[in-house]
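Okay, query-v8.txt is below, compact mmCIF, C-alpha atoms:
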# COMPACT_ATOMS: atom_id res chain seq x y z
CA ASN W 237 -35.97 77.25 28.59
CA LEU W 238 -35.68 73.51 28.06
CA LEU W 239 -32.71 74.01 25.74
CA ARG W 240 -30.90 76.04 28.42
CA SER W 241 -31.47 73.62 31.32
CA GLN W 242 -28.90 71.32 32.93
CA ARG W 243 -30.83 68.32 31.65
CA ALA W 244 -30.53 69.67 28.12
CA ALA W 245 -26.75 70.01 28.52
CA GLU W 246 -26.52 66.33 29.49
CA ALA W 247 -28.80 65.40 26.59
CA ARG W 248 -26.63 67.44 24.20
CA SER W 249 -23.55 65.56 25.39
CA ASN W 250 -25.30 62.20 24.92
CA LEU W 251 -26.50 63.25 21.46
CA ALA W 252 -22.94 64.19 20.48
CA ARG W 253 -21.71 60.77 21.65
CA ALA W 254 -24.36 59.16 19.45
CA GLY W 255 -23.33 61.33 16.47
CA PHE W 256 -26.33 63.72 16.45
CA ARG W 257 -24.97 67.26 16.53
CA SER W 258 -27.57 69.52 14.93
CA GLN W 259 -29.86 71.83 16.91
CA ASP W 260 -32.83 70.03 15.34
CA ALA W 261 -31.65 66.75 16.90
CA MET W 262 -31.81 68.33 20.36
CA VAL W 263 -35.32 69.66 19.75
CA ARG W 264 -36.47 66.30 18.37
CA TYR W 265 -35.03 64.45 21.33
CA LEU W 266 -36.71 66.73 23.88
CA PHE W 267 -39.98 66.54 21.92
CA ALA W 268 -39.77 62.73 21.90
CA GLN W 269 -39.14 62.68 25.66
CA ILE W 270 -42.21 64.82 26.26
CA SER W 271 -44.59 63.33 23.70
CA LEU W 272 -43.80 59.59 23.60
CA PRO W 273 -45.27 58.78 27.05
CA PHE W 274 -48.58 60.33 25.92
CA VAL W 275 -48.44 58.58 22.55
CA PHE W 276 -47.60 55.17 24.00
CA GLY W 277 -50.22 55.59 26.74
CA THR W 278 -52.92 56.61 24.26
CA VAL W 279 -52.14 53.68 21.97
CA ALA W 280 -52.22 51.28 24.93
CA VAL W 281 -55.55 52.66 26.20
CA ALA W 282 -57.04 52.43 22.71
CA GLY W 283 -55.77 48.89 22.22
CA VAL W 284 -56.94 47.63 25.60
CA TYR W 285 -60.24 49.45 26.17
CA LEU W 286 -61.54 50.40 22.70
CA PHE W 287 -60.41 47.66 20.35
CA HIS W 288 -59.89 44.81 22.87
CA LEU W 289 -56.93 43.51 20.86
CA VAL W 290 -55.84 41.04 23.53
CA PRO W 291 -58.36 39.55 25.99
CA MET W 292 -57.19 40.18 29.56
CA ARG W 293 -58.48 40.60 33.09
CA SER W 294 -59.48 44.04 34.35
CA SER W 295 -56.59 44.15 36.85
CA VAL W 296 -54.10 43.65 34.00
CA GLN W 297 -55.91 46.21 31.84
CA LEU W 298 -54.95 48.95 34.31
CA VAL W 299 -51.27 47.97 34.26
CA VAL W 300 -50.80 47.93 30.46
CA PRO W 301 -51.27 51.71 29.88
CA LEU W 302 -49.02 52.48 32.87
CA VAL W 303 -46.26 50.24 31.49
CA ALA W 304 -46.70 51.86 28.06
CA VAL W 305 -46.28 55.36 29.55
CA ILE W 306 -43.12 54.30 31.41
CA LEU W 307 -41.76 52.68 28.25
CA GLY W 308 -42.51 55.87 26.28
CA PHE W 309 -40.65 57.89 28.90
CA PHE W 310 -37.50 55.75 28.71
CA ALA W 311 -37.59 54.91 24.97
CA PRO W 312 -35.62 58.00 23.77
CA ARG W 313 -32.89 57.44 26.38
CA ILE W 314 -32.60 53.75 25.53
CA TYR W 315 -32.40 54.55 21.81
CA LEU W 316 -29.76 57.22 22.42
CA ARG W 317 -27.67 54.94 24.66
CA ASN W 318 -27.78 52.16 22.07
CA ALA W 319 -26.79 54.56 19.28
CA ALA W 320 -23.89 55.90 21.39
CA ASP W 321 -22.69 52.36 22.20
CA LYS W 322 -22.86 51.36 18.55
CA ARG W 323 -20.89 54.45 17.51
CA SER W 324 -18.31 53.82 20.23
CA LYS W 325 -17.78 50.28 18.93
CA GLN W 326 -17.34 51.59 15.38
CA LEU W 327 -14.77 54.10 16.63
CA GLN W 328 -12.92 51.35 18.47
CA LEU W 329 -12.83 49.20 15.32
CA ALA W 330 -11.65 52.11 13.16
CA LEU W 331 -8.90 53.25 15.50
CA PRO W 332 -6.06 50.91 14.38
CA ASP W 333 -6.46 51.99 10.74
CA GLY W 334 -6.59 55.64 11.77
CA LEU W 335 -3.48 55.30 13.91
CA ASP W 336 -1.58 53.60 11.08
CA LEU W 337 -2.42 56.51 8.80
CA MET W 338 -1.39 58.98 11.52
CA VAL W 339 1.97 57.21 11.81
CA ILE W 340 2.51 57.49 8.05
CA CYS W 341 1.58 61.19 8.07
CA ALA W 342 3.79 61.94 11.08
CA GLU W 343 6.74 60.13 9.46
CA ALA W 344 6.17 62.22 6.32
CA GLY W 345 6.68 65.34 8.43
CA LEU W 346 3.11 66.63 8.72
CA SER W 347 2.04 68.54 11.81
CA LEU W 348 -0.70 67.19 14.09
CA ASP W 349 -3.33 69.50 12.57
CA ALA W 350 -2.43 68.50 9.01
CA THR W 351 -2.24 64.84 10.04
CA LEU W 352 -5.77 64.88 11.48
CA VAL W 353 -7.15 66.63 8.39
CA ARG W 354 -5.45 64.16 6.05
CA VAL W 355 -6.49 61.08 8.04
CA SER W 356 -10.09 62.28 8.30
CA ARG W 357 -10.17 62.75 4.53
CA GLU W 358 -8.71 59.30 3.87
CA LEU W 359 -11.06 57.53 6.31
CA GLY W 360 -14.20 59.30 5.09
CA ASN W 361 -15.51 56.34 3.08
CA SER W 362 -14.37 53.38 5.18
CA TRP W 363 -14.84 54.71 8.75
CA PRO W 364 -17.03 57.85 8.63
CA GLU W 365 -17.50 58.03 12.41
CA LEU W 366 -13.78 58.35 13.14
CA ALA W 367 -13.28 60.65 10.15
CA GLU W 368 -15.94 63.03 11.48
CA GLU W 369 -14.45 63.13 14.97
CA LEU W 370 -10.92 63.75 13.68
CA ALA W 371 -12.15 66.52 11.37
CA ILE W 372 -13.89 68.26 14.28
CA THR W 373 -10.75 67.93 16.39
CA ALA W 374 -8.60 69.36 13.58
CA ALA W 375 -10.93 72.37 13.35
CA GLU W 376 -10.87 72.84 17.14
CA LEU W 377 -7.05 72.66 17.17
CA THR W 378 -7.06 75.56 14.73
CA PHE W 379 -9.58 77.77 16.54
CA LEU W 380 -9.29 77.00 20.26
CA PRO W 381 -6.56 78.85 22.18
CA ASP W 382 -5.47 75.75 24.12
CA ARG W 383 -4.65 72.64 22.09
CA ARG W 384 -5.16 70.41 25.11
CA MET W 385 -8.78 71.55 25.28
CA ALA W 386 -9.42 70.32 21.72
CA LEU W 387 -7.99 66.91 22.55
CA GLU W 388 -10.02 66.69 25.76
CA ASN W 389 -13.15 67.61 23.77
CA LEU W 390 -12.43 64.64 21.48
CA SER W 391 -12.20 62.34 24.48
CA THR W 392 -15.41 63.72 25.99
CA ARG W 393 -17.37 63.59 22.73
CA THR W 394 -16.52 59.99 21.96
CA ASN W 395 -16.38 58.47 25.46
CA SER W 396 -14.19 55.67 24.06
CA ASP W 397 -11.33 54.03 25.93
CA GLY W 398 -9.25 53.72 22.76
CA ILE W 399 -9.59 57.38 21.85
CA ARG W 400 -8.90 58.32 25.46
CA GLY W 401 -5.61 56.42 25.13
CA VAL W 402 -4.78 58.25 21.90
CA VAL W 403 -5.55 61.61 23.51
CA ASN W 404 -3.32 60.80 26.50
CA THR W 405 -0.53 59.74 24.14
CA LEU W 406 -0.80 62.94 22.10
CA GLN W 407 -0.79 65.08 25.25
CA GLN W 408 2.25 63.27 26.66
CA THR W 409 4.21 63.61 23.43
CA ALA W 410 3.43 67.34 23.36
CA LYS W 411 4.36 67.76 27.03
CA PHE W 412 7.51 65.63 27.26
CA GLY W 413 8.71 65.71 23.64
CA THR W 414 8.67 61.95 23.10
CA PRO W 415 8.62 60.79 19.46
CA LEU W 416 5.05 60.82 18.18
CA THR W 417 5.47 58.11 15.56
CA GLN W 418 6.90 55.57 17.98
CA SER W 419 4.09 56.14 20.51
CA LEU W 420 1.39 55.93 17.85
CA ARG W 421 2.91 52.78 16.34
CA VAL W 422 2.86 50.99 19.72
CA LEU W 423 -0.70 52.17 20.35
CA ALA W 424 -1.82 51.02 16.89
CA ALA W 425 -0.34 47.56 17.49
CA GLU W 426 -2.18 47.29 20.80
CA MET W 427 -5.50 48.42 19.26
CA ARG W 428 -5.12 46.01 16.36
CA GLN W 429 -4.46 43.17 18.80
CA GLN W 430 -7.60 44.14 20.72
CA ARG W 431 -9.63 44.21 17.52
CA MET W 432 -8.31 40.78 16.49
CA THR W 433 -9.13 39.39 19.93
Go through the file and emit its structure as structure tokens.
Amino acid sequence: NLLRSQRAAEARSNLARAGFRSQDAMVRYLFAQISLPFVFGTVAVAGVYLFHLVPMRSSVQLVVPLVAVILGFFAPRIYLRNAADKRSKQLQLALPDGLDLMVICAEAGLSLDATLVRVSRELGNSWPELAEELAITAAELTFLPDRRMALENLSTRTNSDGIRGVVNTLQQTAKFGTPLTQSLRVLAAEMRQQRMT
């Protein structure tokens, strides 16, 4: 029931942004959310009342386990947010290199699907986060009926301003027929300038 709830859907989205996509990751996250308040509270009670690790007044002794329980409740969310932010920064740093490779592939005459597959293969060692996202998008472009949905999924999964810009550019080139290589080259120059700054 927990895995089917609205809260689980939000958690699944946050896990995907942090790069955790397996079903086990979802179960571990929910288990950590349920169990860590008890674990932190038990450790705090044992440290304060049984072992007397730090001498303190009785009024403070009541607050320490309560703070530990609250910290245990928020610890999985904080960890997940930090992991998602770190991944987003890595994606932002990798984007100029990925766009340069996409320009080369587009100029060589490859389609968007083939371009994404090729770029994800080339970036696998240097920027694995971006390579993984592009590979998933290439697979979704093949299987989903609407190509725009695959690109929007990429934007939702990553929650990155740079990738959102790339997705908008790809959608506009598909809709209006503007040259893909020229748009990607301008975008790559902007991203590289941002990275240098």
Region 309-378 of chain W near region 243-262 of chain W within 12 Å: what's each residue's closest atom pair and its distance in Å to one decimal, counting only C-alpha atoms, ordered by chain then ascending residue number, as JSON lines?
{"residue": "W:Pro312", "atom": "CA", "partner": "W:Ala247", "partner_atom": "CA", "distance": 10.5}
{"residue": "W:Arg313", "atom": "CA", "partner": "W:Ala247", "partner_atom": "CA", "distance": 9.0}
{"residue": "W:Ile314", "atom": "CA", "partner": "W:Asn250", "partner_atom": "CA", "distance": 11.2}
{"residue": "W:Tyr315", "atom": "CA", "partner": "W:Ala254", "partner_atom": "CA", "distance": 9.6}
{"residue": "W:Leu316", "atom": "CA", "partner": "W:Ala254", "partner_atom": "CA", "distance": 6.5}
{"residue": "W:Arg317", "atom": "CA", "partner": "W:Ala254", "partner_atom": "CA", "distance": 7.5}
{"residue": "W:Asn318", "atom": "CA", "partner": "W:Ala254", "partner_atom": "CA", "distance": 8.2}
{"residue": "W:Ala319", "atom": "CA", "partner": "W:Ala254", "partner_atom": "CA", "distance": 5.2}
{"residue": "W:Ala320", "atom": "CA", "partner": "W:Ala254", "partner_atom": "CA", "distance": 3.8}
{"residue": "W:Asp321", "atom": "CA", "partner": "W:Ala254", "partner_atom": "CA", "distance": 7.5}
{"residue": "W:Lys322", "atom": "CA", "partner": "W:Ala254", "partner_atom": "CA", "distance": 8.0}
{"residue": "W:Arg323", "atom": "CA", "partner": "W:Ala254", "partner_atom": "CA", "distance": 6.2}
{"residue": "W:Ser324", "atom": "CA", "partner": "W:Arg253", "partner_atom": "CA", "distance": 7.9}
{"residue": "W:Lys325", "atom": "CA", "partner": "W:Ala254", "partner_atom": "CA", "distance": 11.1}
{"residue": "W:Gln326", "atom": "CA", "partner": "W:Ala254", "partner_atom": "CA", "distance": 11.1}
{"residue": "W:Leu327", "atom": "CA", "partner": "W:Arg253", "partner_atom": "CA", "distance": 10.9}
{"residue": "W:Pro364", "atom": "CA", "partner": "W:Gly255", "partner_atom": "CA", "distance": 10.6}
{"residue": "W:Glu365", "atom": "CA", "partner": "W:Gly255", "partner_atom": "CA", "distance": 7.8}
{"residue": "W:Leu366", "atom": "CA", "partner": "W:Gly255", "partner_atom": "CA", "distance": 10.5}
{"residue": "W:Ala367", "atom": "CA", "partner": "W:Gly255", "partner_atom": "CA", "distance": 11.9}
{"residue": "W:Glu368", "atom": "CA", "partner": "W:Gly255", "partner_atom": "CA", "distance": 9.1}
{"residue": "W:Glu369", "atom": "CA", "partner": "W:Gly255", "partner_atom": "CA", "distance": 9.2}
{"residue": "W:Ile372", "atom": "CA", "partner": "W:Arg257", "partner_atom": "CA", "distance": 11.4}
Open item on the list: Taking only C-alpha atoms into account, name the residue in W:Gln269, W:Ser356, W:Thr417, W:Gln430 that is nearest to Glu343 (chain W).
Closed with: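 Checking each candidate against Glu343 (chain W), we get W:Thr417 as the closest.
The gap separating CA of Gln242 (chain W) from CA of Leu307 (chain W) is 23.1 Å, in Å to one decimal.
Distance check against Leu348 (chain W) using all atoms listed in the file: of W:Leu298, W:Val275, W:Leu377, W:Leu335, the minimum falls on W:Leu377.
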Task: Proximity to Arg421 (chain W) - best of W:Arg357, W:Gly334, W:Met385, W:Phe274, only C-alpha atoms - done: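 Of W:Arg357, W:Gly334, W:Met385, W:Phe274, the one nearest Arg421 (chain W), counting only C-alpha atoms, is W:Gly334.
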